[in-house]
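Presented below is the structure to which this report refers.
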Amino acid sequence: ATPISITTAAGRGAQAGVLIKDAEALERMARVDTVIVDKTGTLTEGKPRLTDVVALYGDEAEVLGLAAALERGSEHPLAEAIVAGAKDRGLSLGTAEDFEAVTGKGVHGTVSGRRVALGNAAMMTDLGFSTDEAEAQADILRADGKTAMFVAVDGKLAGIVAVADPIKETTEAAIRDLHALGLTIIMATGDNRRTAEAVAAKLGIDEVRAGVLPEDKQKLVEELRAKGKSVAMAGDGVNDAPALAAADVGIAMSTGADVAVESAGITLMRGDLVGLVRARKLAVATLRNIK
Ligand code: ADP
Ligand code: MG
């Protein structure tokens with residue numbers, strides 16, 4: 001490509017839905033060698049759907065009904081999927097009391113006088129429940145790229161609910177293009193390792209960091225920069241904002257949280273990684289001109 005000016009680059013970017021904050025963001029984008037991407041909402045549509053309900057004892061409708069009643073208090077995309085799935089199955093949901101959400105882990109509270117907790121293995125461990133008897137079933141779901149969440153009722157593990165979040169149609173080609181542009185791609189997600197690896201394998205992602213808490217995403221950025229890597233971080237959530245701010249270039253998906261957009265040097269208005277490919281090409285063409 002022929003060298004172009006920063007103004008031209010910004011204009012072309014804007015036309016393609018790529019908002020570049022300033023010249024510095026563009027220059028840094030040209031030097032990036034490593035891209036960290038959040039899974040949910042960045043690689044995937046971020047609109048999970050309930051796919052499976054497993055009852056360890058008792059019935060599935062009860063497990064799902066209690067889980068969904070609890071999730072009415074949460075705004076997490078996983079919560080919305082569970083509530084919608086329960087309604088689709090014709091369940092009427094109770095209301096939760098003493099509701100509490102634990103970031104990156106899950107939720108707990110009281111539904112119809114019963115103590116209910118829902119979340120990942122770390123959440124169950126924190127509450128003193130073993131997930132051993134359900135791990136084999138959870139692994140079957142995870143191998144399919146599904147997110148499996150454990151449900152505990154009245155002091156024991158009662159079941160599993162699983163959701164699937166489809167990969168965006170444009171993701172696979174965008175990852176291939178980013179590789180062709182010489183970038184290493186790392187997935188960072190709060191989701192389970194097996195689920196994350198199933199998704200990463202489909203996409204040819206180079207490295208997976210699973211089970212990471214929001215502050216760990218920022219640490220990962222800092223760790224790579226300390227090794228001399230030039231890092232772009234792409235994410236959509238409130239959780240991703242600190243990592244976006246710590247990166248050489250923060251890349252926000254406009255479909256995500258406003259705070260992510262505020263922390264970003266580049267915003268992808270179309271909400272998919274095709275914009276990242278475009279941003280990289282524009283940045284390289286522009287830098288060639290400045291040097
Ligand atoms: P991501 O990094 O993929 O956006 P989060 O950090 O938001 O994921 O959550 C990590 C994990 O914690 C989820 O995969 C899920 O197992 C559990 N979790 C978080 N919030 C909830 C919730 N409201 N209900 C059930 N599980 C949850
Ligand atoms: Mg997320």
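Chains: A, B, ... in order of the structure tokens. Residues: from 1 per chain. Ligands: from 1, in order shown.
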
field: Shell of 8 Å around Val116 in chain A, only C-alpha atoms, local chain residues under 3 positions omitted, as a PyMOL selection string
entry: chain A and resi 66-67+70+108-111+151-154

Please dump the current selection as a PDB file, in the first residue's frame; keep all heavy atoms.
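Output below, filename out_24.pdb:
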ATOM      1  N   LEU A  66     -35.117 -22.280  39.837  1.00  0.00           N
ATOM      2  CA  LEU A  66     -34.418 -21.591  40.935  1.00  0.00           C
ATOM      3  C   LEU A  66     -33.267 -20.738  40.402  1.00  0.00           C
ATOM      4  O   LEU A  66     -33.063 -19.601  40.826  1.00  0.00           O
ATOM      5  CB  LEU A  66     -33.904 -22.616  41.954  1.00  0.00           C
ATOM      6  CG  LEU A  66     -34.996 -23.343  42.768  1.00  0.00           C
ATOM      7  CD1 LEU A  66     -34.388 -24.477  43.586  1.00  0.00           C
ATOM      8  CD2 LEU A  66     -35.752 -22.366  43.678  1.00  0.00           C
ATOM      9  N   ALA A  67     -32.537 -21.315  39.442  1.00  0.00           N
ATOM     10  CA  ALA A  67     -31.411 -20.573  38.850  1.00  0.00           C
ATOM     11  C   ALA A  67     -31.907 -19.300  38.178  1.00  0.00           C
ATOM     12  O   ALA A  67     -31.347 -18.211  38.367  1.00  0.00           O
ATOM     13  CB  ALA A  67     -30.669 -21.458  37.840  1.00  0.00           C
ATOM     14  N   LEU A  70     -33.101 -16.465  40.471  1.00  0.00           N
ATOM     15  CA  LEU A  70     -31.942 -15.770  41.028  1.00  0.00           C
ATOM     16  C   LEU A  70     -31.333 -14.796  40.010  1.00  0.00           C
ATOM     17  O   LEU A  70     -31.032 -13.648  40.331  1.00  0.00           O
ATOM     18  CB  LEU A  70     -30.907 -16.828  41.436  1.00  0.00           C
ATOM     19  CG  LEU A  70     -29.720 -16.396  42.259  1.00  0.00           C
ATOM     20  CD1 LEU A  70     -30.163 -15.789  43.574  1.00  0.00           C
ATOM     21  CD2 LEU A  70     -28.825 -17.616  42.530  1.00  0.00           C
ATOM     22  N   HIS A 108     -25.528 -15.466  44.159  1.00  0.00           N
ATOM     23  CA  HIS A 108     -26.221 -16.290  45.141  1.00  0.00           C
ATOM     24  C   HIS A 108     -27.290 -15.480  45.850  1.00  0.00           C
ATOM     25  O   HIS A 108     -27.304 -14.247  45.778  1.00  0.00           O
ATOM     26  CB  HIS A 108     -25.241 -16.950  46.126  1.00  0.00           C
ATOM     27  CG  HIS A 108     -24.399 -16.010  46.909  1.00  0.00           C
ATOM     28  ND1 HIS A 108     -24.788 -15.482  48.111  1.00  0.00           N
ATOM     29  CD2 HIS A 108     -23.180 -15.472  46.638  1.00  0.00           C
ATOM     30  CE1 HIS A 108     -23.823 -14.684  48.564  1.00  0.00           C
ATOM     31  NE2 HIS A 108     -22.841 -14.652  47.684  1.00  0.00           N
ATOM     32  N   GLY A 109     -28.238 -16.198  46.483  1.00  0.00           N
ATOM     33  CA  GLY A 109     -29.343 -15.533  47.160  1.00  0.00           C
ATOM     34  C   GLY A 109     -30.355 -16.549  47.660  1.00  0.00           C
ATOM     35  O   GLY A 109     -30.064 -17.746  47.693  1.00  0.00           O
ATOM     36  N   THR A 110     -31.525 -16.034  48.048  1.00  0.00           N
ATOM     37  CA  THR A 110     -32.587 -16.911  48.555  1.00  0.00           C
ATOM     38  C   THR A 110     -33.783 -16.828  47.613  1.00  0.00           C
ATOM     39  O   THR A 110     -34.218 -15.737  47.257  1.00  0.00           O
ATOM     40  CB  THR A 110     -33.009 -16.454  49.967  1.00  0.00           C
ATOM     41  OG1 THR A 110     -31.837 -16.424  50.798  1.00  0.00           O
ATOM     42  CG2 THR A 110     -34.028 -17.402  50.577  1.00  0.00           C
ATOM     43  N   VAL A 111     -34.293 -17.996  47.185  1.00  0.00           N
ATOM     44  CA  VAL A 111     -35.479 -18.039  46.332  1.00  0.00           C
ATOM     45  C   VAL A 111     -36.507 -18.942  47.010  1.00  0.00           C
ATOM     46  O   VAL A 111     -36.209 -20.107  47.284  1.00  0.00           O
ATOM     47  CB  VAL A 111     -35.142 -18.604  44.926  1.00  0.00           C
ATOM     48  CG1 VAL A 111     -36.403 -18.660  44.062  1.00  0.00           C
ATOM     49  CG2 VAL A 111     -34.051 -17.794  44.248  1.00  0.00           C
ATOM     50  N   VAL A 151     -25.181 -25.230  39.826  1.00  0.00           N
ATOM     51  CA  VAL A 151     -26.259 -24.712  40.667  1.00  0.00           C
ATOM     52  C   VAL A 151     -26.219 -25.466  41.992  1.00  0.00           C
ATOM     53  O   VAL A 151     -26.196 -26.699  42.001  1.00  0.00           O
ATOM     54  CB  VAL A 151     -27.649 -24.939  40.008  1.00  0.00           C
ATOM     55  CG1 VAL A 151     -28.744 -24.267  40.840  1.00  0.00           C
ATOM     56  CG2 VAL A 151     -27.658 -24.423  38.574  1.00  0.00           C
ATOM     57  N   ALA A 152     -26.184 -24.740  43.098  1.00  0.00           N
ATOM     58  CA  ALA A 152     -26.258 -25.369  44.418  1.00  0.00           C
ATOM     59  C   ALA A 152     -27.549 -24.911  45.093  1.00  0.00           C
ATOM     60  O   ALA A 152     -27.930 -23.745  44.993  1.00  0.00           O
ATOM     61  CB  ALA A 152     -25.053 -24.983  45.266  1.00  0.00           C
ATOM     62  N   VAL A 153     -28.245 -25.860  45.715  1.00  0.00           N
ATOM     63  CA  VAL A 153     -29.502 -25.540  46.399  1.00  0.00           C
ATOM     64  C   VAL A 153     -29.451 -26.113  47.814  1.00  0.00           C
ATOM     65  O   VAL A 153     -29.135 -27.298  47.994  1.00  0.00           O
ATOM     66  CB  VAL A 153     -30.721 -26.122  45.642  1.00  0.00           C
ATOM     67  CG1 VAL A 153     -32.022 -25.772  46.367  1.00  0.00           C
ATOM     68  CG2 VAL A 153     -30.766 -25.610  44.199  1.00  0.00           C
ATOM     69  N   ASP A 154     -29.759 -25.274  48.775  1.00  0.00           N
ATOM     70  CA  ASP A 154     -29.798 -25.693  50.184  1.00  0.00           C
ATOM     71  C   ASP A 154     -28.588 -26.523  50.598  1.00  0.00           C
ATOM     72  O   ASP A 154     -28.717 -27.621  51.146  1.00  0.00           O
ATOM     73  CB  ASP A 154     -31.095 -26.469  50.465  1.00  0.00           C
ATOM     74  CG  ASP A 154     -32.310 -25.543  50.450  1.00  0.00           C
ATOM     75  OD1 ASP A 154     -32.124 -24.317  50.693  1.00  0.00           O
ATOM     76  OD2 ASP A 154     -33.413 -26.026  50.181  1.00  0.00           O
TER      77      ASP A 154
END

field: Selection: 8 Å around Asp272 in chain A, only C-alpha atoms, excl. self and same-chain fewer than 5 positions, as a ChimeraX atom specification
entry: /A:42-43,168,170-171,253

Same residues, C-alpha atoms, saved as a JSON list (two decimals), in the first residue's frame:
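Dumped everything to result-v3.json:
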[["chain", "number", "residue", "atom", "x", "y", "z"],
["A", 42, "THR", "CA", -15.70, -9.84, 21.14],
["A", 43, "LEU", "CA", -15.07, -13.20, 19.44],
["A", 168, "LYS", "CA", -19.56, -14.11, 15.22],
["A", 170, "THR", "CA", -16.83, -12.49, 10.80],
["A", 171, "THR", "CA", -14.45, -13.67, 13.54],
["A", 253, "MET", "CA", -16.29, -2.70, 20.68]]

message: If we count only C-alpha atoms and set the cut-off at 12 Å, which residues sit around Val259 in chain A, ignoring sequence neighbours fewer than 5 positions away in its own chain? Please answer as a list in words.
response: Gly235, Asp236, Gly237, Val238, Asn239, Asp240, Ala241, Pro242, Ala243, Leu244, Ala245, Gly250, Ile251, Ala252, Met253, Ser254, Ala264 and Thr267 of chain A

message: At a cut-off of 8 Å around ligand 1, and using only C-alpha atoms and all ligand atoms, what residues come up? Please write them as a PyMOL selection string.
response: chain A and resi 38-41+71+74-79+101-107+118-121+123+147-149+188-192+211-214+237+239

query: Contacts of Leu287 in chain A at 12 Å or less, counting only C-alpha atoms, minus same-chain residues fewer than 6 places along, as a PyMOL selection string?
result: chain A and resi 1-6+9+23-31+280-281

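Using only C-alpha atoms, the nearest neighbour of Glu223 in chain A within the list A:Ala162, A:Ala246, A:Val208, A:Ile167 is A:Ala246.
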
- request: Check the DSSP output for the backbone and give back, as a ChimeraX atom specification, the residues of range 105-251 of chain A in helix (DSSP H, G or I).
  value: /A:121-126,132-142,171-180,193-203,214-226,238-246

Identify, on the basis of only C-alpha atoms, every residue whose closest approach to Ser230 in chain A does not exceed 10 Å; exclude the query and any residue fewer than 4 positions from it along the same chain; express the result as a PDB file with N, CA, C and O atoms, in the first residue's frame.
ATOM      1  N   ARG A  28       0.863   3.735  17.506  1.00  0.00           N
ATOM      2  CA  ARG A  28       1.048   2.565  18.369  1.00  0.00           C
ATOM      3  C   ARG A  28       0.468   1.311  17.731  1.00  0.00           C
ATOM      4  O   ARG A  28       1.020   0.225  17.865  1.00  0.00           O
ATOM      5  N   MET A  29      -0.649   1.483  17.047  1.00  0.00           N
ATOM      6  CA  MET A  29      -1.301   0.340  16.399  1.00  0.00           C
ATOM      7  C   MET A  29      -0.376  -0.280  15.350  1.00  0.00           C
ATOM      8  O   MET A  29      -0.373  -1.496  15.144  1.00  0.00           O
ATOM      9  N   ALA A  30       0.428   0.548  14.712  1.00  0.00           N
ATOM     10  CA  ALA A  30       1.351   0.045  13.682  1.00  0.00           C
ATOM     11  C   ALA A  30       2.454  -0.798  14.297  1.00  0.00           C
ATOM     12  O   ALA A  30       3.037  -1.657  13.634  1.00  0.00           O
ATOM     13  N   ARG A  31       2.762  -0.545  15.569  1.00  0.00           N
ATOM     14  CA  ARG A  31       3.886  -1.247  16.214  1.00  0.00           C
ATOM     15  C   ARG A  31       3.447  -2.488  16.995  1.00  0.00           C
ATOM     16  O   ARG A  31       4.277  -3.259  17.456  1.00  0.00           O
ATOM     17  N   VAL A  32       2.151  -2.642  17.169  1.00  0.00           N
ATOM     18  CA  VAL A  32       1.629  -3.767  17.953  1.00  0.00           C
ATOM     19  C   VAL A  32       2.075  -5.108  17.371  1.00  0.00           C
ATOM     20  O   VAL A  32       2.100  -5.277  16.151  1.00  0.00           O
ATOM     21  N   ASP A  33       2.501  -6.025  18.243  1.00  0.00           N
ATOM     22  CA  ASP A  33       2.820  -7.379  17.765  1.00  0.00           C
ATOM     23  C   ASP A  33       1.918  -8.443  18.392  1.00  0.00           C
ATOM     24  O   ASP A  33       1.882  -9.582  17.949  1.00  0.00           O
ATOM     25  N   THR A  34       1.189  -8.058  19.449  1.00  0.00           N
ATOM     26  CA  THR A  34       0.352  -9.023  20.167  1.00  0.00           C
ATOM     27  C   THR A  34      -1.037  -8.427  20.402  1.00  0.00           C
ATOM     28  O   THR A  34      -1.145  -7.284  20.847  1.00  0.00           O
ATOM     29  N   VAL A  35      -2.055  -9.202  20.093  1.00  0.00           N
ATOM     30  CA  VAL A  35      -3.420  -8.741  20.338  1.00  0.00           C
ATOM     31  C   VAL A  35      -4.087  -9.667  21.349  1.00  0.00           C
ATOM     32  O   VAL A  35      -4.111 -10.878  21.158  1.00  0.00           O
ATOM     33  N   VAL A 221      -1.750  -7.879  30.396  1.00  0.00           N
ATOM     34  CA  VAL A 221      -1.262  -6.806  29.526  1.00  0.00           C
ATOM     35  C   VAL A 221       0.090  -6.307  30.037  1.00  0.00           C
ATOM     36  O   VAL A 221       1.071  -6.203  29.277  1.00  0.00           O
ATOM     37  N   LEU A 224       3.002  -8.860  29.538  1.00  0.00           N
ATOM     38  CA  LEU A 224       3.478  -8.950  28.157  1.00  0.00           C
ATOM     39  C   LEU A 224       4.291  -7.712  27.780  1.00  0.00           C
ATOM     40  O   LEU A 224       5.318  -7.803  27.118  1.00  0.00           O
ATOM     41  N   ARG A 225       3.848  -6.549  28.244  1.00  0.00           N
ATOM     42  CA  ARG A 225       4.578  -5.303  27.952  1.00  0.00           C
ATOM     43  C   ARG A 225       5.943  -5.330  28.618  1.00  0.00           C
ATOM     44  O   ARG A 225       6.935  -4.879  28.033  1.00  0.00           O
ATOM     45  N   ALA A 226       5.995  -5.884  29.825  1.00  0.00           N
ATOM     46  CA  ALA A 226       7.279  -5.979  30.541  1.00  0.00           C
ATOM     47  C   ALA A 226       8.254  -6.885  29.787  1.00  0.00           C
ATOM     48  O   ALA A 226       9.468  -6.735  29.893  1.00  0.00           O
ATOM     49  N   ALA A 247      -3.076  -1.164  28.047  1.00  0.00           N
ATOM     50  CA  ALA A 247      -2.467  -1.637  26.792  1.00  0.00           C
ATOM     51  C   ALA A 247      -1.825  -0.500  26.007  1.00  0.00           C
ATOM     52  O   ALA A 247      -2.132   0.667  26.242  1.00  0.00           O
ATOM     53  N   ASP A 248      -0.913  -0.840  25.083  1.00  0.00           N
ATOM     54  CA  ASP A 248      -0.366   0.168  24.170  1.00  0.00           C
ATOM     55  C   ASP A 248      -1.508   0.780  23.363  1.00  0.00           C
ATOM     56  O   ASP A 248      -1.556   1.988  23.160  1.00  0.00           O
ATOM     57  N   VAL A 249      -2.426  -0.083  22.924  1.00  0.00           N
ATOM     58  CA  VAL A 249      -3.637   0.393  22.269  1.00  0.00           C
ATOM     59  C   VAL A 249      -4.840  -0.358  22.845  1.00  0.00           C
ATOM     60  O   VAL A 249      -4.881  -1.590  22.795  1.00  0.00           O
TER      61      VAL A 249
END

Strand (DSSP E or B) residues, from DSSP on the backbone, in range 127-232 of chain A, as a PyMOL selection string: chain A and resi 147-153+156-164+167+184-188+207-209+231-232

Just to be explicit: take each residue in the selection above, keep C-alpha atoms, and write the result as a compact mmCIF listing (two decimals), in the first residue's frame.
# COMPACT_ATOMS: atom_id res chain seq x y z
CA THR A 147 -20.33 -22.42 29.30
CA ALA A 148 -21.40 -24.72 32.13
CA MET A 149 -22.57 -23.18 35.41
CA PHE A 150 -23.11 -25.11 38.60
CA VAL A 151 -26.26 -24.71 40.67
CA ALA A 152 -26.26 -25.37 44.42
CA VAL A 153 -29.50 -25.54 46.40
CA LYS A 156 -25.60 -29.15 48.04
CA LEU A 157 -24.70 -29.21 44.41
CA ALA A 158 -28.00 -29.71 42.54
CA GLY A 159 -27.26 -29.39 38.85
CA ILE A 160 -25.70 -27.70 35.85
CA VAL A 161 -27.08 -25.18 33.40
CA ALA A 162 -25.22 -24.61 30.15
CA VAL A 163 -25.36 -21.87 27.54
CA ALA A 164 -23.83 -21.52 24.09
CA ILE A 167 -18.96 -17.24 17.33
CA THR A 184 0.03 -13.10 17.76
CA ILE A 185 -3.47 -13.53 19.17
CA ILE A 186 -4.21 -14.37 22.78
CA MET A 187 -7.71 -15.03 24.14
CA ALA A 188 -8.38 -13.86 27.71
CA GLU A 207 -2.76 -18.81 23.23
CA VAL A 208 -5.54 -19.05 25.82
CA ARG A 209 -5.75 -17.49 29.28
CA VAL A 231 0.09 -5.01 23.07
CA ALA A 232 -3.38 -4.20 21.78

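Among A:Gly65, A:Lys217, A:Val53, A:Val199, the residue with the shortest atom-to-atom distance to Ala96 in chain A, counting only C-alpha atoms, is A:Gly65.
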
- line: Correct to one decimal, the distance CA of Thr195 in chain A-CA of Asp165 in chain A is 10.7 Å

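Distances to ligand 2 were evaluated for A:Leu276, A:Val284, A:Val261, A:Ala234 using only C-alpha atoms and all ligand atoms, and the minimum falls at A:Ala234.
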